[in-house]
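Here is the structure we will look at.
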Amino acid sequence: MKKISIFLLAAMAMVSCGNSYKAKDVQLNDENDSLNYAVGLINGLQIKQYYLAKDSSEEAITEFIDALEAAYLDKEEVLSDIAQAGRQFGTSISMFEKEGLAGNAAWTYNGECFLQGLTNALYSDTSVMDESVAEGYIMAKYSTMRTGEEATGKSVSAKCPTKAKTIELKNENDSLNYAFGLMNGAQVRSYFLLADTTGEDRDEFIANINKGLKQKMRNPQVVATAKNIGTSIREQEPVGLMGFNGVETKFNLIKQGFINGLNNYTEMMDRQVAMEFADATFGRLKQAQIEAEQEKAQLQGQQAKEEGEAFLAANALRNEVKTTASGLQYEVLEEGNGPKPTAASTVKVHYEGTLIDGTVFDSSYQRGEPIEFPLSGVIKGWTEGLQLMPVGSKYKLYIPYELAYGERGAGASIPPYAALIFTVELLEIK
């Protein structure tokens, strides 16, 4: 029989601080202010549409903004893994009071039975029911559950007890709650408490379940989303709103935009206006950013070109350096006595490539093994330089940018117009 997953860990809970967030007008002094507000408004309207469509009450909005602000201010309580798991567990359980046991409206939640079953499992107490019996009971209830069956009775809330004890199960619902708690406790014990020889982890877990039970989180998914957004806003502050340098991130305006969007308050700016404004502004900023990056790359390329030419001109004056008609420079470190490859040859080499400042960008020595390649498939400086080398030789090649990667460079390691230096050992012609 396939085991059902009944482990209840959910998103980290966030306690409402009793704040009340009202929709209101705010003063937008410039384009930067308007952009921050528009970003918040657009996101607030989307959160309302996709996450709070069924519950956009003041309490739901407060829960979201509290989580957003706490994550932005980095005020979340630092918990151990055990404590965090207990807190999450307790928060998930607290939702059973309105949603039914395990979120199933057909099963009335009885906290006294569920939590005692959980605690007994944490203490490995099977006096009321063991794990196999509990699993069988739950599976049987799943198989006989009628679609659309309504819960009967009133949910019973309780604190998680700190000791194992026997408990009277008065009816099927009590037994179901106890069995469900026992199964979850057994899984917690297996996942978190295997190394707990003193009972300290178990006690910490139970204590944090009780803290989580008090939090009464309405929507864990919304809280998790708010936390992610709040953290993202905080991380954008040093680099600029949405990653655009020079666009100041103003959390209070973003937050009020969220609040107004969550309350569907669009008097200052409606969704269409906000999206058109944000798209146009970010589009213009993106274009300006691209142009600035292109200008910077051109300047860096020009500088690399001038530095490379100056380096090669000075290098050519050294007696040990020879220059070919193409501009390739080479220096013989060790001269072999084997045959020389042709442009159609495949060779086996060890090599190290550096920029003219000595920065290593590639090295077969560092990888610990030589490389094989056809000379027709590499940069011009290599194709020409390797043909000068007898097998067993070790040369140093000084390659101008025209014979290397040209005006474009190669990836992040080799800039445009870069002159390159390669130390090459020709090991074999294949």
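Labels used: A, B, ... for chains in the order of the structure tokens, numbers from 1 for residues in each chain, and numbers from 1 for ligands as shown.
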What lies within 10 Å of segment 21-31 of chain A using only C-alpha atoms, ignoring chain neighbours under 3 positions off, as a count of residues only? 32
Could you list, as a list of chain:residue names, every residue within 12 Å of segment 127-133 of chain A, counting only C-alpha atoms and ignoring same-chain residues fewer than 6 positions away?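 That gives A:Met1, A:Lys3, A:Cys113, A:Gln116, A:Gly117, A:Leu118, A:Asn120, A:Ala121, A:Met139, A:Ala140, A:Ala164, A:Lys165, A:Thr166, A:Ile167, A:Glu168, A:Leu169, A:Ser175, A:Leu176, A:Asn177, A:Tyr178, A:Ala179, A:Phe180, A:Gly181, A:Leu182, A:Met183, A:Asn184, A:Gly185, A:Ala186, A:Gln187.
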Any chance you can output those residues with N, CA and C atoms as a compact mmCIF listing (two decimals), in the first residue's frame?
# COMPACT_ATOMS: atom_id res chain seq x y z
N MET A 1 0.85 -1.20 0.00
CA MET A 1 0.00 0.00 0.00
C MET A 1 0.88 1.24 0.00
N LYS A 3 2.18 4.76 0.81
CA LYS A 3 2.01 5.65 1.95
C LYS A 3 1.55 7.02 1.50
N CYS A 113 -6.92 15.82 20.71
CA CYS A 113 -6.56 14.47 20.27
C CYS A 113 -5.38 14.49 19.30
N GLN A 116 -2.10 15.42 21.17
CA GLN A 116 -1.64 14.38 22.07
C GLN A 116 -1.07 13.21 21.28
N GLY A 117 -1.69 12.90 20.13
CA GLY A 117 -1.13 11.86 19.26
C GLY A 117 0.25 12.25 18.77
N LEU A 118 0.40 13.50 18.38
CA LEU A 118 1.70 14.01 17.94
C LEU A 118 2.73 13.87 19.04
N ASN A 120 2.69 11.99 21.77
CA ASN A 120 2.97 10.59 22.11
C ASN A 120 3.97 9.97 21.13
N ALA A 121 3.82 10.31 19.85
CA ALA A 121 4.76 9.79 18.85
C ALA A 121 6.16 10.35 19.09
N MET A 139 -5.88 5.49 6.20
CA MET A 139 -6.13 5.00 4.85
C MET A 139 -7.57 4.55 4.68
N ALA A 140 -8.08 3.91 5.70
CA ALA A 140 -9.48 3.47 5.63
C ALA A 140 -10.42 4.67 5.55
N ALA A 164 3.93 12.65 27.20
CA ALA A 164 3.13 11.56 26.64
C ALA A 164 2.12 11.10 27.70
N LYS A 165 0.92 10.75 27.24
CA LYS A 165 -0.08 10.21 28.16
C LYS A 165 -1.18 9.52 27.37
N THR A 166 -1.91 8.64 28.03
CA THR A 166 -3.06 8.02 27.39
C THR A 166 -4.19 9.04 27.30
N ILE A 167 -5.06 8.85 26.33
CA ILE A 167 -6.16 9.78 26.12
C ILE A 167 -7.37 8.99 25.66
N GLU A 168 -8.54 9.38 26.13
CA GLU A 168 -9.78 8.69 25.75
C GLU A 168 -10.23 9.20 24.38
N LEU A 169 -10.43 8.27 23.46
CA LEU A 169 -10.93 8.60 22.12
C LEU A 169 -12.41 8.23 22.09
N SER A 175 -10.49 9.52 17.06
CA SER A 175 -9.50 8.53 16.64
C SER A 175 -8.75 9.00 15.40
N LEU A 176 -9.48 9.60 14.47
CA LEU A 176 -8.85 10.10 13.25
C LEU A 176 -7.83 11.19 13.58
N ASN A 177 -8.21 12.14 14.44
CA ASN A 177 -7.30 13.20 14.84
C ASN A 177 -6.07 12.63 15.54
N TYR A 178 -6.29 11.69 16.44
CA TYR A 178 -5.17 11.10 17.16
C TYR A 178 -4.24 10.37 16.20
N ALA A 179 -4.81 9.58 15.29
CA ALA A 179 -4.01 8.82 14.33
C ALA A 179 -3.21 9.76 13.43
N PHE A 180 -3.86 10.84 13.02
CA PHE A 180 -3.17 11.79 12.15
C PHE A 180 -2.01 12.44 12.91
N GLY A 181 -2.25 12.83 14.14
CA GLY A 181 -1.19 13.41 14.95
C GLY A 181 -0.05 12.44 15.19
N LEU A 182 -0.40 11.18 15.48
CA LEU A 182 0.61 10.16 15.73
C LEU A 182 1.49 9.95 14.51
N MET A 183 0.89 9.87 13.33
CA MET A 183 1.66 9.67 12.11
C MET A 183 2.62 10.83 11.86
N ASN A 184 2.13 12.05 12.07
CA ASN A 184 3.00 13.21 11.87
C ASN A 184 4.12 13.25 12.89
N GLY A 185 3.81 12.91 14.12
CA GLY A 185 4.84 12.88 15.16
C GLY A 185 5.91 11.86 14.83
N ALA A 186 5.49 10.69 14.30
CA ALA A 186 6.46 9.66 13.93
C ALA A 186 7.39 10.15 12.82
N GLN A 187 6.82 10.89 11.87
CA GLN A 187 7.65 11.41 10.79
C GLN A 187 8.60 12.50 11.29
So which one's closest to Gly40 of chain A, A:Thr249, A:Thr126, A:Ser345, A:Gln366? Using only C-alpha atoms, please.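 The answer is A:Thr249, which sits nearest to Gly40 of chain A.
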I'd like the contact shell of Ile42 of chain A - 7 Å cut-off, only C-alpha atoms, skipping same-chain residues fewer than 2 positions apart - returned as a VMD selection string. chain A and resid 38 to 40 44 to 46 261 271 274 to 275
DSSP on the backbone, then: every residue of segment 130-340 of chain A marked strand (DSSP E), written as a PyMOL selection string. chain A and resi 321-323+329-334
Determine, counting only C-alpha atoms, which protein, DNA and RNA residues have an atom within 9 Å of an atom of Gly358 of chain A; residues of the same chain fewer than 4 positions away are not included. Present the result as a list in words.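 Near neighbours after the sequence-gap exclusion: Gly353, Thr354 and Ile421 of chain A.
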Atoms to include: N, CA, C and O atoms. Write the selected residues as a PDB file, in the first residue's frame.
ATOM      1  N   GLY A 353      47.135  30.236 -21.251  1.00  0.00           N
ATOM      2  CA  GLY A 353      46.871  31.516 -21.889  1.00  0.00           C
ATOM      3  C   GLY A 353      46.669  32.606 -20.865  1.00  0.00           C
ATOM      4  O   GLY A 353      45.977  32.412 -19.865  1.00  0.00           O
ATOM      5  N   THR A 354      47.302  33.778 -21.112  1.00  0.00           N
ATOM      6  CA  THR A 354      47.157  34.909 -20.201  1.00  0.00           C
ATOM      7  C   THR A 354      46.912  36.182 -20.994  1.00  0.00           C
ATOM      8  O   THR A 354      47.214  36.266 -22.190  1.00  0.00           O
ATOM      9  N   ILE A 421      48.863  36.111 -24.675  1.00  0.00           N
ATOM     10  CA  ILE A 421      50.135  35.410 -24.549  1.00  0.00           C
ATOM     11  C   ILE A 421      49.836  33.946 -24.243  1.00  0.00           C
ATOM     12  O   ILE A 421      49.064  33.642 -23.325  1.00  0.00           O
TER      13      ILE A 421
END
Separation of atom CA of Gln302 of chain A from atom CA of Ala314 of chain A, in Å and rounded to one decimal: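 Atom-to-atom, atom CA of Gln302 of chain A to atom CA of Ala314 of chain A, that is 18.5 Å.
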Proximity check segment 18-93 of chain A to segment 233-243 of chain A, 10 Å, nearest pairs one decimal Å, only C-alpha atoms, as a Markdown table:
| residue | atom | partner | partner_atom | distance |
| --- | --- | --- | --- | --- |
| A:Asn32 | CA | A:Leu241 | CA | 9.3 |
| A:Leu35 | CA | A:Leu241 | CA | 8.9 |
| A:Asn36 | CA | A:Leu241 | CA | 7.7 |
| A:Val39 | CA | A:Met242 | CA | 9.3 |
| A:Leu68 | CA | A:Ile233 | CA | 9.3 |
| A:Glu69 | CA | A:Arg234 | CA | 9.8 |
| A:Ala71 | CA | A:Arg234 | CA | 8.2 |
| A:Tyr72 | CA | A:Arg234 | CA | 5.2 |
| A:Leu73 | CA | A:Arg234 | CA | 7.6 |
| A:Asp74 | CA | A:Arg234 | CA | 8.5 |
Include all heavy atoms and write out the residues we just selected as a PDB file, in the first residue's frame.
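And here is the file that came out, out_21.pdb:
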ATOM      1  N   ASN A  32      11.135  59.262 -10.348  1.00  0.00           N
ATOM      2  CA  ASN A  32      11.607  58.179  -9.505  1.00  0.00           C
ATOM      3  C   ASN A  32      10.534  57.757  -8.493  1.00  0.00           C
ATOM      4  O   ASN A  32      10.286  56.574  -8.284  1.00  0.00           O
ATOM      5  CB  ASN A  32      12.877  58.605  -8.766  1.00  0.00           C
ATOM      6  CG  ASN A  32      13.615  57.435  -8.141  1.00  0.00           C
ATOM      7  OD1 ASN A  32      14.560  56.916  -8.712  1.00  0.00           O
ATOM      8  ND2 ASN A  32      13.198  57.021  -6.957  1.00  0.00           N
ATOM      9  N   LEU A  35       7.764  55.917 -10.312  1.00  0.00           N
ATOM     10  CA  LEU A  35       8.168  54.581 -10.723  1.00  0.00           C
ATOM     11  C   LEU A  35       8.083  53.607  -9.546  1.00  0.00           C
ATOM     12  O   LEU A  35       7.594  52.476  -9.695  1.00  0.00           O
ATOM     13  CB  LEU A  35       9.588  54.630 -11.272  1.00  0.00           C
ATOM     14  CG  LEU A  35      10.055  53.439 -12.105  1.00  0.00           C
ATOM     15  CD1 LEU A  35       9.110  53.166 -13.259  1.00  0.00           C
ATOM     16  CD2 LEU A  35      11.463  53.679 -12.625  1.00  0.00           C
ATOM     17  N   ASN A  36       8.545  54.032  -8.375  1.00  0.00           N
ATOM     18  CA  ASN A  36       8.445  53.172  -7.191  1.00  0.00           C
ATOM     19  C   ASN A  36       6.990  52.871  -6.857  1.00  0.00           C
ATOM     20  O   ASN A  36       6.627  51.720  -6.586  1.00  0.00           O
ATOM     21  CB  ASN A  36       9.117  53.847  -5.993  1.00  0.00           C
ATOM     22  CG  ASN A  36      10.611  53.632  -5.938  1.00  0.00           C
ATOM     23  OD1 ASN A  36      11.088  52.697  -5.315  1.00  0.00           O
ATOM     24  ND2 ASN A  36      11.355  54.490  -6.614  1.00  0.00           N
ATOM     25  N   VAL A  39       5.439  50.439  -9.474  1.00  0.00           N
ATOM     26  CA  VAL A  39       5.890  49.057  -9.272  1.00  0.00           C
ATOM     27  C   VAL A  39       5.092  48.406  -8.143  1.00  0.00           C
ATOM     28  O   VAL A  39       4.628  47.263  -8.260  1.00  0.00           O
ATOM     29  CB  VAL A  39       7.396  49.018  -8.966  1.00  0.00           C
ATOM     30  CG1 VAL A  39       7.814  47.641  -8.432  1.00  0.00           C
ATOM     31  CG2 VAL A  39       8.199  49.355 -10.210  1.00  0.00           C
ATOM     32  N   LEU A  68       5.854  41.490   4.195  1.00  0.00           N
ATOM     33  CA  LEU A  68       6.662  42.265   3.257  1.00  0.00           C
ATOM     34  C   LEU A  68       7.621  43.184   4.005  1.00  0.00           C
ATOM     35  O   LEU A  68       8.827  43.236   3.722  1.00  0.00           O
ATOM     36  CB  LEU A  68       5.735  43.084   2.350  1.00  0.00           C
ATOM     37  CG  LEU A  68       6.383  44.012   1.332  1.00  0.00           C
ATOM     38  CD1 LEU A  68       6.846  43.210   0.121  1.00  0.00           C
ATOM     39  CD2 LEU A  68       5.405  45.095   0.880  1.00  0.00           C
ATOM     40  N   GLU A  69       7.086  43.911   4.984  1.00  0.00           N
ATOM     41  CA  GLU A  69       7.884  44.890   5.718  1.00  0.00           C
ATOM     42  C   GLU A  69       8.925  44.211   6.593  1.00  0.00           C
ATOM     43  O   GLU A  69      10.071  44.659   6.686  1.00  0.00           O
ATOM     44  CB  GLU A  69       6.966  45.773   6.557  1.00  0.00           C
ATOM     45  CG  GLU A  69       7.666  46.961   7.173  1.00  0.00           C
ATOM     46  CD  GLU A  69       6.680  48.016   7.637  1.00  0.00           C
ATOM     47  OE1 GLU A  69       5.714  47.650   8.329  1.00  0.00           O
ATOM     48  OE2 GLU A  69       6.875  49.182   7.289  1.00  0.00           O
ATOM     49  N   ALA A  71      10.384  41.330   6.130  1.00  0.00           N
ATOM     50  CA  ALA A  71      11.472  40.809   5.291  1.00  0.00           C
ATOM     51  C   ALA A  71      12.354  41.943   4.782  1.00  0.00           C
ATOM     52  O   ALA A  71      13.582  41.819   4.740  1.00  0.00           O
ATOM     53  CB  ALA A  71      10.892  40.018   4.123  1.00  0.00           C
ATOM     54  N   TYR A  72      11.730  43.069   4.418  1.00  0.00           N
ATOM     55  CA  TYR A  72      12.508  44.211   3.934  1.00  0.00           C
ATOM     56  C   TYR A  72      13.416  44.740   5.044  1.00  0.00           C
ATOM     57  O   TYR A  72      14.581  45.067   4.811  1.00  0.00           O
ATOM     58  CB  TYR A  72      11.576  45.311   3.444  1.00  0.00           C
ATOM     59  CG  TYR A  72      12.284  46.621   3.190  1.00  0.00           C
ATOM     60  CD1 TYR A  72      13.071  46.798   2.058  1.00  0.00           C
ATOM     61  CD2 TYR A  72      12.193  47.673   4.105  1.00  0.00           C
ATOM     62  CE1 TYR A  72      13.743  47.992   1.834  1.00  0.00           C
ATOM     63  CE2 TYR A  72      12.861  48.870   3.881  1.00  0.00           C
ATOM     64  CZ  TYR A  72      13.627  49.025   2.741  1.00  0.00           C
ATOM     65  OH  TYR A  72      14.287  50.210   2.536  1.00  0.00           O
ATOM     66  N   LEU A  73      12.886  44.824   6.252  1.00  0.00           N
ATOM     67  CA  LEU A  73      13.661  45.344   7.376  1.00  0.00           C
ATOM     68  C   LEU A  73      14.573  44.288   7.991  1.00  0.00           C
ATOM     69  O   LEU A  73      15.328  44.588   8.908  1.00  0.00           O
ATOM     70  CB  LEU A  73      12.709  45.886   8.456  1.00  0.00           C
ATOM     71  CG  LEU A  73      11.846  47.084   8.031  1.00  0.00           C
ATOM     72  CD1 LEU A  73      10.831  47.413   9.123  1.00  0.00           C
ATOM     73  CD2 LEU A  73      12.709  48.296   7.722  1.00  0.00           C
ATOM     74  N   ASP A  74      14.477  43.062   7.480  1.00  0.00           N
ATOM     75  CA  ASP A  74      15.296  41.953   7.961  1.00  0.00           C
ATOM     76  C   ASP A  74      15.106  41.738   9.451  1.00  0.00           C
ATOM     77  O   ASP A  74      16.062  41.555  10.207  1.00  0.00           O
ATOM     78  CB  ASP A  74      16.779  42.201   7.640  1.00  0.00           C
ATOM     79  CG  ASP A  74      17.603  40.916   7.708  1.00  0.00           C
ATOM     80  OD1 ASP A  74      17.008  39.837   7.619  1.00  0.00           O
ATOM     81  OD2 ASP A  74      18.828  41.002   7.857  1.00  0.00           O
TER      82      ASP A  74
END
Please run DSSP on the backbone and report, as a VMD selection string, all residues within segment 78-214 of chain A that come out as alpha helix (DSSP H). chain A and resid 81 to 94 96 to 99 111 to 122 131 to 144 172 to 192 200 to 213
